[in-house]
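Chemist: TSV, C-alpha atoms and all ligand atoms, file target07.tsv:
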chain	number	residue	atom	x	y	z
W	8	MET	CA	-60.53	-17.67	84.48
W	9	ARG	CA	-60.55	-19.81	81.37
W	10	THR	CA	-62.86	-19.04	78.44
W	11	VAL	CA	-65.19	-21.92	77.65
W	12	PHE	CA	-65.83	-23.24	74.14
W	13	GLY	CA	-67.88	-26.29	73.22
W	14	VAL	CA	-69.63	-28.55	70.80
W	15	PHE	CA	-73.36	-29.18	71.12
W	16	GLY	CA	-74.99	-32.29	69.64
W	17	ASP	CA	-76.78	-35.53	70.40
W	18	PRO	CA	-75.16	-38.05	70.48
W	19	ILE	CA	-71.94	-36.26	71.38
W	20	ALA	CA	-69.83	-38.66	73.49
W	21	HIS	CA	-67.57	-39.66	70.57
W	22	SER	CA	-66.86	-36.16	69.27
W	23	LYS	CA	-63.19	-35.58	68.41
W	24	SER	CA	-63.57	-31.81	68.70
W	25	PRO	CA	-62.67	-31.47	72.42
W	26	ASP	CA	-59.34	-33.34	71.97
W	27	MET	CA	-58.51	-31.33	68.88
W	28	HIS	CA	-59.31	-27.85	70.25
W	29	ASN	CA	-57.90	-28.45	73.72
W	30	ALA	CA	-54.62	-29.63	72.18
W	31	ALA	CA	-54.44	-26.38	70.18
W	32	PHE	CA	-55.27	-24.22	73.22
W	33	ARG	CA	-52.57	-25.98	75.26
W	34	GLU	CA	-49.98	-25.60	72.53
W	35	LEU	CA	-50.71	-21.87	72.17
W	36	LYS	CA	-50.87	-21.44	75.98
W	37	MET	CA	-54.34	-19.90	75.67
W	38	GLU	CA	-56.51	-19.75	78.81
W	39	CYS	CA	-59.35	-21.67	77.15
W	40	ILE	CA	-61.14	-24.98	77.50
W	41	TYR	CA	-63.41	-26.88	75.06
W	42	HIS	CA	-66.09	-29.32	76.22
W	43	ALA	CA	-68.80	-31.50	74.63
W	44	PHE	CA	-72.43	-30.85	75.67
W	45	ARG	CA	-75.40	-33.10	74.91
W	46	VAL	CA	-78.15	-30.79	73.63
W	47	SER	CA	-81.43	-31.77	71.94
W	48	PRO	CA	-82.89	-29.67	69.09
W	49	GLU	CA	-85.74	-28.45	71.37
W	50	LYS	CA	-83.21	-27.09	73.85
W	51	LEU	CA	-80.84	-25.51	71.33
W	52	GLY	CA	-82.24	-21.96	71.72
W	53	ASP	CA	-81.94	-22.09	75.51
W	54	ALA	CA	-78.48	-23.66	75.32
W	55	LEU	CA	-77.16	-20.97	72.95
W	56	LEU	CA	-78.64	-18.11	75.00
W	57	GLY	CA	-77.18	-19.69	78.14
W	58	ALA	CA	-73.76	-20.09	76.54
W	59	LYS	CA	-73.80	-16.45	75.42
W	60	ALA	CA	-74.96	-15.27	78.86
W	61	MET	CA	-72.17	-17.27	80.51
W	62	GLY	CA	-69.51	-15.72	78.28
W	63	PHE	CA	-68.64	-18.75	76.13
W	64	GLY	CA	-66.04	-17.96	73.50
W	65	GLY	CA	-67.95	-19.87	70.82
W	66	VAL	CA	-69.56	-23.20	70.00
W	67	ASN	CA	-69.65	-25.80	67.27
W	68	LEU	CA	-72.89	-27.54	66.39
W	69	THR	CA	-73.19	-31.07	65.10
W	70	VAL	CA	-75.92	-33.61	64.34
W	71	PRO	CA	-78.91	-33.03	64.80
W	72	LEU	CA	-78.61	-29.27	65.47
W	73	LYS	CA	-77.06	-27.72	62.37
W	74	GLN	CA	-80.33	-27.02	60.53
W	75	GLU	CA	-82.27	-26.03	63.65
W	76	ALA	CA	-79.67	-23.35	64.39
W	77	LEU	CA	-80.69	-21.37	61.28
W	78	LYS	CA	-83.87	-20.30	63.09
W	79	ILE	CA	-81.94	-19.09	66.13
W	80	VAL	CA	-78.68	-17.45	65.04
W	81	GLU	CA	-77.92	-14.86	62.33
W	82	PRO	CA	-76.46	-17.08	59.58
W	83	ASP	CA	-73.91	-15.64	57.13
W	84	PRO	CA	-74.86	-15.94	53.42
W	85	LEU	CA	-72.93	-19.22	52.93
W	86	SER	CA	-74.46	-21.05	55.91
W	87	ARG	CA	-77.89	-19.71	54.93
W	88	GLY	CA	-77.42	-21.15	51.43
W	89	ILE	CA	-76.18	-24.48	52.79
W	90	GLY	CA	-79.07	-24.50	55.25
W	91	ALA	CA	-76.85	-25.52	58.18
W	92	VAL	CA	-74.68	-23.83	60.81
W	93	ASN	CA	-71.73	-25.59	62.46
W	94	THR	CA	-70.03	-22.64	64.16
W	95	VAL	CA	-71.51	-19.91	66.36
W	96	ASP	CA	-69.68	-16.74	67.37
W	97	PHE	CA	-71.12	-14.77	70.33
W	98	ARG	CA	-69.04	-11.62	70.15
W	99	ASP	CA	-71.54	-9.50	68.22
W	100	GLY	CA	-75.00	-10.98	68.74
W	101	MET	CA	-75.07	-14.63	67.69
W	102	LYS	CA	-73.51	-15.14	64.27
W	103	GLY	CA	-73.68	-18.48	62.45
W	104	TYR	CA	-71.14	-19.92	60.01
W	105	ASN	CA	-70.55	-23.21	58.23
W	106	THR	CA	-66.88	-24.27	58.04
W	107	ASP	CA	-67.45	-27.82	56.72
W	108	GLY	CA	-67.01	-26.81	53.08
W	109	LEU	CA	-63.98	-24.67	53.97
W	110	GLY	CA	-62.50	-27.74	55.66
W	111	ALA	CA	-62.89	-29.69	52.42
W	112	ARG	CA	-61.45	-26.83	50.35
W	113	ARG	CA	-58.37	-26.53	52.55
W	114	THR	CA	-57.85	-30.29	52.49
W	115	LEU	CA	-57.72	-30.18	48.67
W	116	GLU	CA	-55.57	-27.03	48.60
W	117	GLU	CA	-53.02	-28.55	50.97
W	118	LYS	CA	-52.71	-31.49	48.55
W	119	ASP	CA	-52.14	-29.05	45.65
W	120	VAL	CA	-55.41	-29.98	43.97
W	121	PRO	CA	-56.74	-27.04	41.93
W	122	ILE	CA	-60.42	-26.18	42.50
W	123	ARG	CA	-61.26	-23.25	40.19
W	124	GLY	CA	-62.27	-24.64	36.77
W	125	SER	CA	-62.05	-28.27	37.94
W	126	LYS	CA	-64.78	-30.79	37.27
W	127	VAL	CA	-65.87	-32.09	40.67
W	128	LEU	CA	-68.13	-35.12	41.05
W	129	ILE	CA	-69.72	-35.35	44.49
W	130	ALA	CA	-71.37	-38.66	45.45
W	131	GLY	CA	-74.16	-38.24	48.00
W	132	ALA	CA	-76.64	-35.46	48.71
W	133	GLY	CA	-76.79	-35.28	52.53
W	134	GLY	CA	-75.56	-32.54	54.85
W	135	ALA	CA	-71.84	-32.95	54.14
W	136	SER	CA	-72.46	-32.96	50.39
W	137	ARG	CA	-74.49	-29.72	50.67
W	138	ALA	CA	-71.71	-27.89	52.52
W	139	ILE	CA	-68.97	-29.05	50.13
W	140	ALA	CA	-71.02	-28.46	46.96
W	141	PHE	CA	-71.87	-24.87	47.97
W	142	GLN	CA	-68.29	-24.03	48.94
W	143	LEU	CA	-66.59	-25.52	45.87
W	144	ALA	CA	-69.21	-24.08	43.47
W	145	LYS	CA	-68.57	-20.67	45.04
W	146	ASP	CA	-64.85	-21.25	44.50
W	147	GLY	CA	-65.41	-21.77	40.76
W	148	ALA	CA	-65.53	-25.56	40.41
W	149	ASP	CA	-67.92	-27.19	37.96
W	150	ILE	CA	-70.03	-29.45	40.22
W	151	THR	CA	-71.94	-32.64	39.46
W	152	ILE	CA	-73.84	-34.26	42.32
W	153	ALA	CA	-74.74	-37.95	41.94
W	154	ASN	CA	-76.95	-39.61	44.53
W	155	ARG	CA	-78.76	-42.94	45.00
W	156	THR	CA	-81.98	-40.93	45.30
W	157	GLY	CA	-81.52	-38.88	42.11
W	158	LYS	CA	-84.20	-36.33	42.99
W	159	LYS	CA	-82.23	-35.22	46.07
W	160	ALA	CA	-79.16	-34.57	43.91
W	161	ILE	CA	-81.21	-32.59	41.38
W	162	ASP	CA	-82.80	-30.49	44.14
W	163	LEU	CA	-79.43	-29.84	45.78
W	164	ALA	CA	-77.85	-28.89	42.44
W	165	SER	CA	-80.69	-26.45	41.85
W	166	ASP	CA	-79.96	-24.77	45.23
W	167	VAL	CA	-76.21	-24.72	44.55
W	168	SER	CA	-76.81	-23.11	41.12
W	169	ALA	CA	-77.48	-19.87	43.00
W	170	VAL	CA	-73.74	-19.58	43.73
W	171	GLY	CA	-72.09	-21.45	40.84
W	172	SER	CA	-72.23	-24.26	38.32
W	173	ALA	CA	-74.00	-27.47	39.42
W	174	LYS	CA	-76.06	-30.33	38.04
W	175	GLY	CA	-77.58	-33.37	39.72
W	176	CYS	CA	-78.36	-36.99	38.74
W	177	GLY	CA	-78.65	-40.57	39.97
W	178	LEU	CA	-75.79	-43.07	40.36
W	179	GLU	CA	-76.44	-44.93	37.07
W	180	LYS	CA	-73.75	-43.18	35.03
W	181	MET	CA	-70.97	-43.09	37.64
W	182	LYS	CA	-68.41	-44.67	35.30
W	183	GLU	CA	-68.88	-42.01	32.61
W	184	LEU	CA	-69.11	-39.24	35.15
W	185	ILE	CA	-65.85	-40.27	36.82
W	186	ALA	CA	-64.12	-40.51	33.42
W	187	GLY	CA	-65.02	-36.85	32.80
W	188	SER	CA	-64.03	-35.60	36.29
W	189	ASP	CA	-60.88	-34.17	37.89
W	190	ILE	CA	-62.01	-34.75	41.48
W	191	LEU	CA	-64.33	-37.38	42.99
W	192	ILE	CA	-65.57	-36.69	46.52
W	193	ASN	CA	-67.40	-39.40	48.45
W	194	CYS	CA	-70.03	-37.86	50.72
W	195	THR	CA	-72.05	-41.06	51.08
W	196	THR	CA	-71.71	-43.34	54.08
W	197	LEU	CA	-70.46	-46.18	51.86
W	198	GLY	CA	-67.25	-47.70	53.24
W	199	MET	CA	-67.81	-46.45	56.77
W	200	HIS	CA	-67.24	-48.83	59.70
W	201	PRO	CA	-68.61	-51.52	60.08
W	202	HIS	CA	-69.47	-51.83	56.35
W	203	THR	CA	-65.91	-51.28	55.22
W	204	GLU	CA	-66.25	-53.24	51.95
W	205	GLY	CA	-68.68	-50.65	50.55
W	206	THR	CA	-67.41	-48.28	47.86
W	207	ILE	CA	-68.98	-45.80	45.46
W	208	ALA	CA	-66.46	-46.74	42.72
W	209	THR	CA	-63.68	-49.21	41.95
W	210	ALA	CA	-60.25	-48.86	40.32
W	211	GLU	CA	-61.54	-49.78	36.82
W	212	ASP	CA	-63.68	-46.62	36.83
W	213	MET	CA	-60.78	-44.32	37.77
W	214	HIS	CA	-57.89	-42.71	35.88
W	215	PRO	CA	-54.43	-41.52	37.02
W	216	GLY	CA	-55.21	-37.78	36.74
W	217	LEU	CA	-58.13	-38.12	39.15
W	218	THR	CA	-58.13	-36.98	42.79
W	219	VAL	CA	-60.30	-39.15	45.05
W	220	PHE	CA	-61.29	-37.55	48.35
W	221	ASP	CA	-63.26	-39.64	50.84
W	222	ILE	CA	-64.81	-37.70	53.71
W	223	VAL	CA	-65.30	-40.98	55.62
W	224	TYR	CA	-62.44	-41.22	58.18
W	225	ASN	CA	-63.46	-44.40	60.00
W	226	PRO	CA	-61.47	-46.32	58.76
W	227	LEU	CA	-58.75	-43.82	57.76
W	228	GLU	CA	-58.02	-45.73	54.56
W	229	THR	CA	-61.37	-46.68	53.08
W	230	ARG	CA	-61.91	-49.21	50.32
W	231	LEU	CA	-62.50	-46.27	47.93
W	232	LEU	CA	-59.05	-44.85	48.71
W	233	LYS	CA	-57.44	-48.27	48.22
W	234	GLU	CA	-59.16	-48.49	44.82
W	235	ALA	CA	-57.89	-44.98	43.98
W	236	LYS	CA	-54.31	-45.97	44.77
W	237	LYS	CA	-54.68	-49.09	42.65
W	238	ALA	CA	-55.72	-46.89	39.72
W	239	GLY	CA	-52.81	-44.49	40.22
W	240	ALA	CA	-55.20	-41.70	41.27
W	241	LYS	CA	-54.43	-39.26	44.10
W	242	ALA	CA	-56.05	-40.47	47.35
W	243	VAL	CA	-57.07	-37.89	49.98
W	244	SER	CA	-58.39	-39.12	53.33
W	245	GLY	CA	-61.18	-37.55	55.35
W	246	GLU	CA	-59.62	-36.77	58.73
W	247	MET	CA	-58.08	-33.55	57.39
W	248	MET	CA	-61.54	-32.17	56.60
W	249	LEU	CA	-62.52	-32.69	60.23
W	250	ILE	CA	-59.35	-30.95	61.37
W	251	TYR	CA	-59.61	-28.02	58.95
W	252	GLN	CA	-63.30	-27.37	59.68
W	253	GLY	CA	-62.25	-27.13	63.33
W	254	ALA	CA	-59.30	-24.91	62.48
W	255	GLU	CA	-61.56	-22.52	60.54
W	256	ALA	CA	-63.94	-22.31	63.54
W	257	PHE	CA	-60.95	-21.67	65.83
W	258	LYS	CA	-59.91	-18.76	63.58
W	259	ILE	CA	-63.43	-17.28	63.58
W	260	TRP	CA	-63.53	-17.27	67.40
W	261	THR	CA	-59.96	-16.27	68.22
W	262	GLY	CA	-58.48	-14.67	65.10
W	263	VAL	CA	-55.55	-17.08	65.55
W	264	GLU	CA	-54.42	-19.81	63.12
W	265	PRO	CA	-54.20	-22.96	65.25
W	266	PRO	CA	-51.34	-25.50	65.00
W	267	ILE	CA	-52.68	-28.05	62.49
W	268	ASP	CA	-50.07	-30.72	63.26
W	269	VAL	CA	-50.98	-30.64	66.97
W	270	MET	CA	-54.70	-30.90	66.17
W	271	LYS	CA	-54.05	-33.76	63.77
W	272	LYS	CA	-52.04	-35.70	66.35
W	273	ALA	CA	-54.86	-35.29	68.89
W	274	VAL	CA	-57.50	-36.49	66.40
W	275	LEU	CA	-55.46	-39.49	65.25
W	276	GLU	CA	-54.79	-40.53	68.84
W	277	GLY	CA	-58.52	-40.41	69.52
W	278	LEU	CA	-59.49	-42.45	66.44
Y	301	LIG	P1	-74.31	-36.61	55.95
Y	301	LIG	O1	-75.15	-35.64	56.70
Y	301	LIG	O2	-73.07	-37.08	56.69
Y	301	LIG	O3	-73.98	-36.13	54.58
Y	301	LIG	P2	-76.63	-38.22	55.34
Y	301	LIG	O4	-77.43	-36.98	55.31
Y	301	LIG	O5	-77.10	-39.36	56.16
Y	301	LIG	O6	-75.14	-37.96	55.81
Y	301	LIG	O7	-76.41	-38.69	53.83
Y	301	LIG	C1	-75.95	-39.94	53.53
Y	301	LIG	C2	-75.72	-40.03	52.02
Y	301	LIG	O8	-75.20	-41.34	51.74
Y	301	LIG	C3	-76.98	-39.87	51.18
Y	301	LIG	O9	-76.64	-39.19	50.01
Y	301	LIG	C4	-77.38	-41.32	50.90
Y	301	LIG	O10	-78.13	-41.52	49.72
Y	301	LIG	P3	-79.76	-41.35	49.73
Y	301	LIG	O11	-80.03	-39.88	49.73
Y	301	LIG	O12	-80.22	-42.02	48.49
Y	301	LIG	O13	-80.23	-42.03	50.99
Y	301	LIG	C5	-76.01	-41.94	50.74
Y	301	LIG	N1	-76.02	-43.40	50.95
Y	301	LIG	C6	-76.20	-44.06	52.12
Y	301	LIG	N2	-76.13	-45.39	51.93
Y	301	LIG	C7	-75.89	-45.58	50.61
Y	301	LIG	C8	-75.72	-46.74	49.77
Y	301	LIG	N3	-75.77	-47.97	50.29
Y	301	LIG	N4	-75.50	-46.54	48.46
Y	301	LIG	C9	-75.43	-45.31	47.93
Y	301	LIG	N5	-75.59	-44.17	48.66
Y	301	LIG	C10	-75.82	-44.32	49.98
Turn the structure described in the file into structure tokens.

Modeler:
Amino acid sequence: MRTVFGVFGDPIAHSKSPDMHNAAFRELKMECIYHAFRVSPEKLGDALLGAKAMGFGGVNLTVPLKQEALKIVEPDPLSRGIGAVNTVDFRDGMKGYNTDGLGARRTLEEKDVPIRGSKVLIAGAGGASRAIAFQLAKDGADITIANRTGKKAIDLASDVSAVGSAKGCGLEKMKELIAGSDILINCTTLGMHPHTEGTIATAEDMHPGLTVFDIVYNPLETRLLKEAKKAGAKAVSGEMMLIYQGAEAFKIWTGVEPPIDVMKKAVLEGL
């Protein structure tokens, strides 16, 4: 009998996680299957208890369930700090983790971008920004969060200060901030389909030593990444964060490092 894994969310029809995890299970000849389930926040507690009772191997959580899950599972210190859980392990009770920031860290590491001691400018202060800011601050980066609504960036930076160095501000001084940064990470929705002309910065604001990482992966090459290339900066696209956050969840559940190339192929085919 195959072990069932899944992703819960709403909407969930366009999730790339089933393709990605099933490709890895097939490649490793593991008797497992991964499915997407539409679950509303009110039903999350029942759904998790049901999944545990039915012997699920583990689940991922996505919008709008990640925050709600904190009240239901036992979150580890990182996911508690972030305030969101994206991975649940049922083996010993119901443990919650957040692998989104780890996905971002691995994406940068694989591109040989140093994190410890680097000056990282994160644009945006939503859920993705929270996860990445906590993880990279914990890893010793010096974080600045800039957001359209400045107060949200200041509040987030104050939370992140519990684990590392962080400050928050509005978007007014982006040019200066980018000039003083080693890494720029776009966690806003600017540039995402169908508004593909949007960008948080243009080539004139960038310098060749800069790494520009856009977590938007629809389209794969955003306007921001085109601007980065024009400036001679290193451009890092967002699909690898999606893949690595999945790979980290896979490792939590199975103890096995999944085949990244196989997962990547499955995600790119689905995009
Ligand atoms: P996620 O959970 O994926 O991080 P989110 O919580 O919806 O997404 O956050 C979206 C981010 O994009 C926010 O930081 C938002 O800024 P505000 O907090 O001021 O709303 C940012 N954003 C969205 N549209 C933007 C725009 N046109 N210009 C600048 N920032 C924008």

Chemist: Within 6 Å of ligand LIG 301 (chain Y), which residues of chain W come that close, and what is the closest atom pair and distance in Å for each? Count all atoms listed in the file and give it as a Markdown table.

Modeler:
| residue | atom | partner | partner_atom | distance |
| --- | --- | --- | --- | --- |
| W:Gly131 | CA | Y:LIG301 | O9 | 3.3 |
| W:Ala132 | CA | Y:LIG301 | O9 | 4.0 |
| W:Gly133 | CA | Y:LIG301 | O4 | 3.3 |
| W:Gly134 | CA | Y:LIG301 | O1 | 3.6 |
| W:Ala135 | CA | Y:LIG301 | O3 | 3.9 |
| W:Ser136 | CA | Y:LIG301 | O3 | 5.5 |
| W:Asn154 | CA | Y:LIG301 | O9 | 5.5 |
| W:Arg155 | CA | Y:LIG301 | O12 | 3.9 |
| W:Thr156 | CA | Y:LIG301 | O12 | 3.8 |
| W:Cys194 | CA | Y:LIG301 | O3 | 5.8 |
| W:Thr195 | CA | Y:LIG301 | O8 | 3.2 |
| W:Thr196 | CA | Y:LIG301 | O8 | 4.7 |
| W:Leu197 | CA | Y:LIG301 | C7 | 5.6 |

Chemist: Where's the centre, and what are the edge lengths in Å to one decimal, of a box along x, y and z enclosing all listed atoms of region 47-61 of chain W padded 3 Å per side, as JSON?

Modeler:
{"center_x": -79.0, "center_y": -23.5, "center_z": 74.8, "size_x": 19.6, "size_y": 22.5, "size_z": 17.4}

Chemist: Skip Arg123 (chain W) itself and residues of its chain fewer than 4 positions away, then list as a PyMOL selection string all residues within 9 Å of it, counting all atoms listed in the file.

Modeler: chain W and resi 143-144+146-149

Chemist: Kindly give the distance, in Å, that separates CA of Ile79 (chain W) and CA of Val95 (chain W), rounded to a single decimal.

Modeler: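 Interatomic distance here is 10.5 Å.
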
Chemist: Suppose you want the space between CA of Phe141 (chain W) and CA of Met270 (chain W); what is it in Å?

Modeler: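 Computing it gives 25.7 Å between the two atoms.
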
Chemist: For Ala130 (chain W), find every residue with an atom within 12 Å (counting only C-alpha atoms), except residues of its own chain fewer than 3 positions away, and show them as a ChimeraX atom specification.

Modeler: /W:127,133-137,139-140,150-157,159-160,163,175-181,184-185,190-197,206-208,219-222,231

Chemist: So which residues touch Glu228 (chain W) within 12 Å, counting only C-alpha atoms, skipping near sequence neighbours fewer than 2 positions away, as a PyMOL selection string?

Modeler: chain W and resi 198-200+203-204+206+219-226+230-236+242-246

Chemist: Write out as a list in words each polymer residue whose atoms come within 7 Å of region 104-118 of chain W, counting only C-alpha atoms; drop sequence neighbours fewer than 3 positions from it.

Modeler: Pro82, Asp83, Ser86, Ala91, Val92, Asn93, Thr94, Val95, Pro121, Ala138, Ile139, Gln142, Leu143, Met247, Met248, Leu249, Tyr251, Gln252, Glu255 and Ala256 of chain W

Chemist: Which value, in Å to one decimal, gives the distance between CA of Asp96 (chain W) and CA of Trp260 (chain W)?

Modeler: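 If I compute the distance from CA of Asp96 (chain W) to CA of Trp260 (chain W), I get 6.2 Å.
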
Chemist: Quick test: take region 120-135 of chain W, keep N, CA and C atoms, and write it as a PDB file, in the first residue's frame.

Modeler:
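Everything below was put into decode-v8.pdb:
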ATOM      1  N   VAL W 120      26.314  32.205  -3.690  1.00  0.00           N
ATOM      2  CA  VAL W 120      26.132  33.550  -3.135  1.00  0.00           C
ATOM      3  C   VAL W 120      26.283  33.448  -1.616  1.00  0.00           C
ATOM      4  N   PRO W 121      27.306  34.090  -1.042  1.00  0.00           N
ATOM      5  CA  PRO W 121      27.486  34.006   0.413  1.00  0.00           C
ATOM      6  C   PRO W 121      26.348  34.707   1.158  1.00  0.00           C
ATOM      7  N   ILE W 122      25.960  34.164   2.297  1.00  0.00           N
ATOM      8  CA  ILE W 122      24.858  34.741   3.086  1.00  0.00           C
ATOM      9  C   ILE W 122      25.382  35.386   4.374  1.00  0.00           C
ATOM     10  N   ARG W 123      26.213  34.652   5.129  1.00  0.00           N
ATOM     11  CA  ARG W 123      26.720  35.192   6.396  1.00  0.00           C
ATOM     12  C   ARG W 123      27.492  36.485   6.138  1.00  0.00           C
ATOM     13  N   GLY W 124      27.125  37.554   6.840  1.00  0.00           N
ATOM     14  CA  GLY W 124      27.820  38.837   6.696  1.00  0.00           C
ATOM     15  C   GLY W 124      27.370  39.665   5.506  1.00  0.00           C
ATOM     16  N   SER W 125      26.506  39.103   4.651  1.00  0.00           N
ATOM     17  CA  SER W 125      26.058  39.863   3.466  1.00  0.00           C
ATOM     18  C   SER W 125      24.958  40.851   3.834  1.00  0.00           C
ATOM     19  N   LYS W 126      24.906  41.927   3.065  1.00  0.00           N
ATOM     20  CA  LYS W 126      23.829  42.907   3.245  1.00  0.00           C
ATOM     21  C   LYS W 126      22.707  42.536   2.290  1.00  0.00           C
ATOM     22  N   VAL W 127      21.570  42.138   2.862  1.00  0.00           N
ATOM     23  CA  VAL W 127      20.448  41.636   2.071  1.00  0.00           C
ATOM     24  C   VAL W 127      19.285  42.615   2.153  1.00  0.00           C
ATOM     25  N   LEU W 128      18.847  43.086   0.992  1.00  0.00           N
ATOM     26  CA  LEU W 128      17.685  43.983   0.931  1.00  0.00           C
ATOM     27  C   LEU W 128      16.492  43.171   0.423  1.00  0.00           C
ATOM     28  N   ILE W 129      15.462  43.084   1.251  1.00  0.00           N
ATOM     29  CA  ILE W 129      14.266  42.329   0.877  1.00  0.00           C
ATOM     30  C   ILE W 129      13.142  43.322   0.593  1.00  0.00           C
ATOM     31  N   ALA W 130      12.592  43.281  -0.626  1.00  0.00           N
ATOM     32  CA  ALA W 130      11.456  44.145  -0.968  1.00  0.00           C
ATOM     33  C   ALA W 130      10.172  43.372  -0.726  1.00  0.00           C
ATOM     34  N   GLY W 131       9.262  43.978   0.053  1.00  0.00           N
ATOM     35  CA  GLY W 131       8.006  43.311   0.385  1.00  0.00           C
ATOM     36  C   GLY W 131       8.008  42.846   1.830  1.00  0.00           C
ATOM     37  N   ALA W 132       6.819  42.778   2.417  1.00  0.00           N
ATOM     38  CA  ALA W 132       6.722  42.376   3.829  1.00  0.00           C
ATOM     39  C   ALA W 132       5.548  41.426   4.045  1.00  0.00           C
ATOM     40  N   GLY W 133       5.237  40.604   3.036  1.00  0.00           N
ATOM     41  CA  GLY W 133       4.175  39.596   3.160  1.00  0.00           C
ATOM     42  C   GLY W 133       4.728  38.290   3.711  1.00  0.00           C
ATOM     43  N   GLY W 134       4.004  37.209   3.481  1.00  0.00           N
ATOM     44  CA  GLY W 134       4.364  35.906   4.042  1.00  0.00           C
ATOM     45  C   GLY W 134       5.714  35.399   3.556  1.00  0.00           C
ATOM     46  N   ALA W 135       5.994  35.526   2.276  1.00  0.00           N
ATOM     47  CA  ALA W 135       7.255  35.020   1.728  1.00  0.00           C
ATOM     48  C   ALA W 135       8.434  35.812   2.302  1.00  0.00           C
TER      49      ALA W 135
END
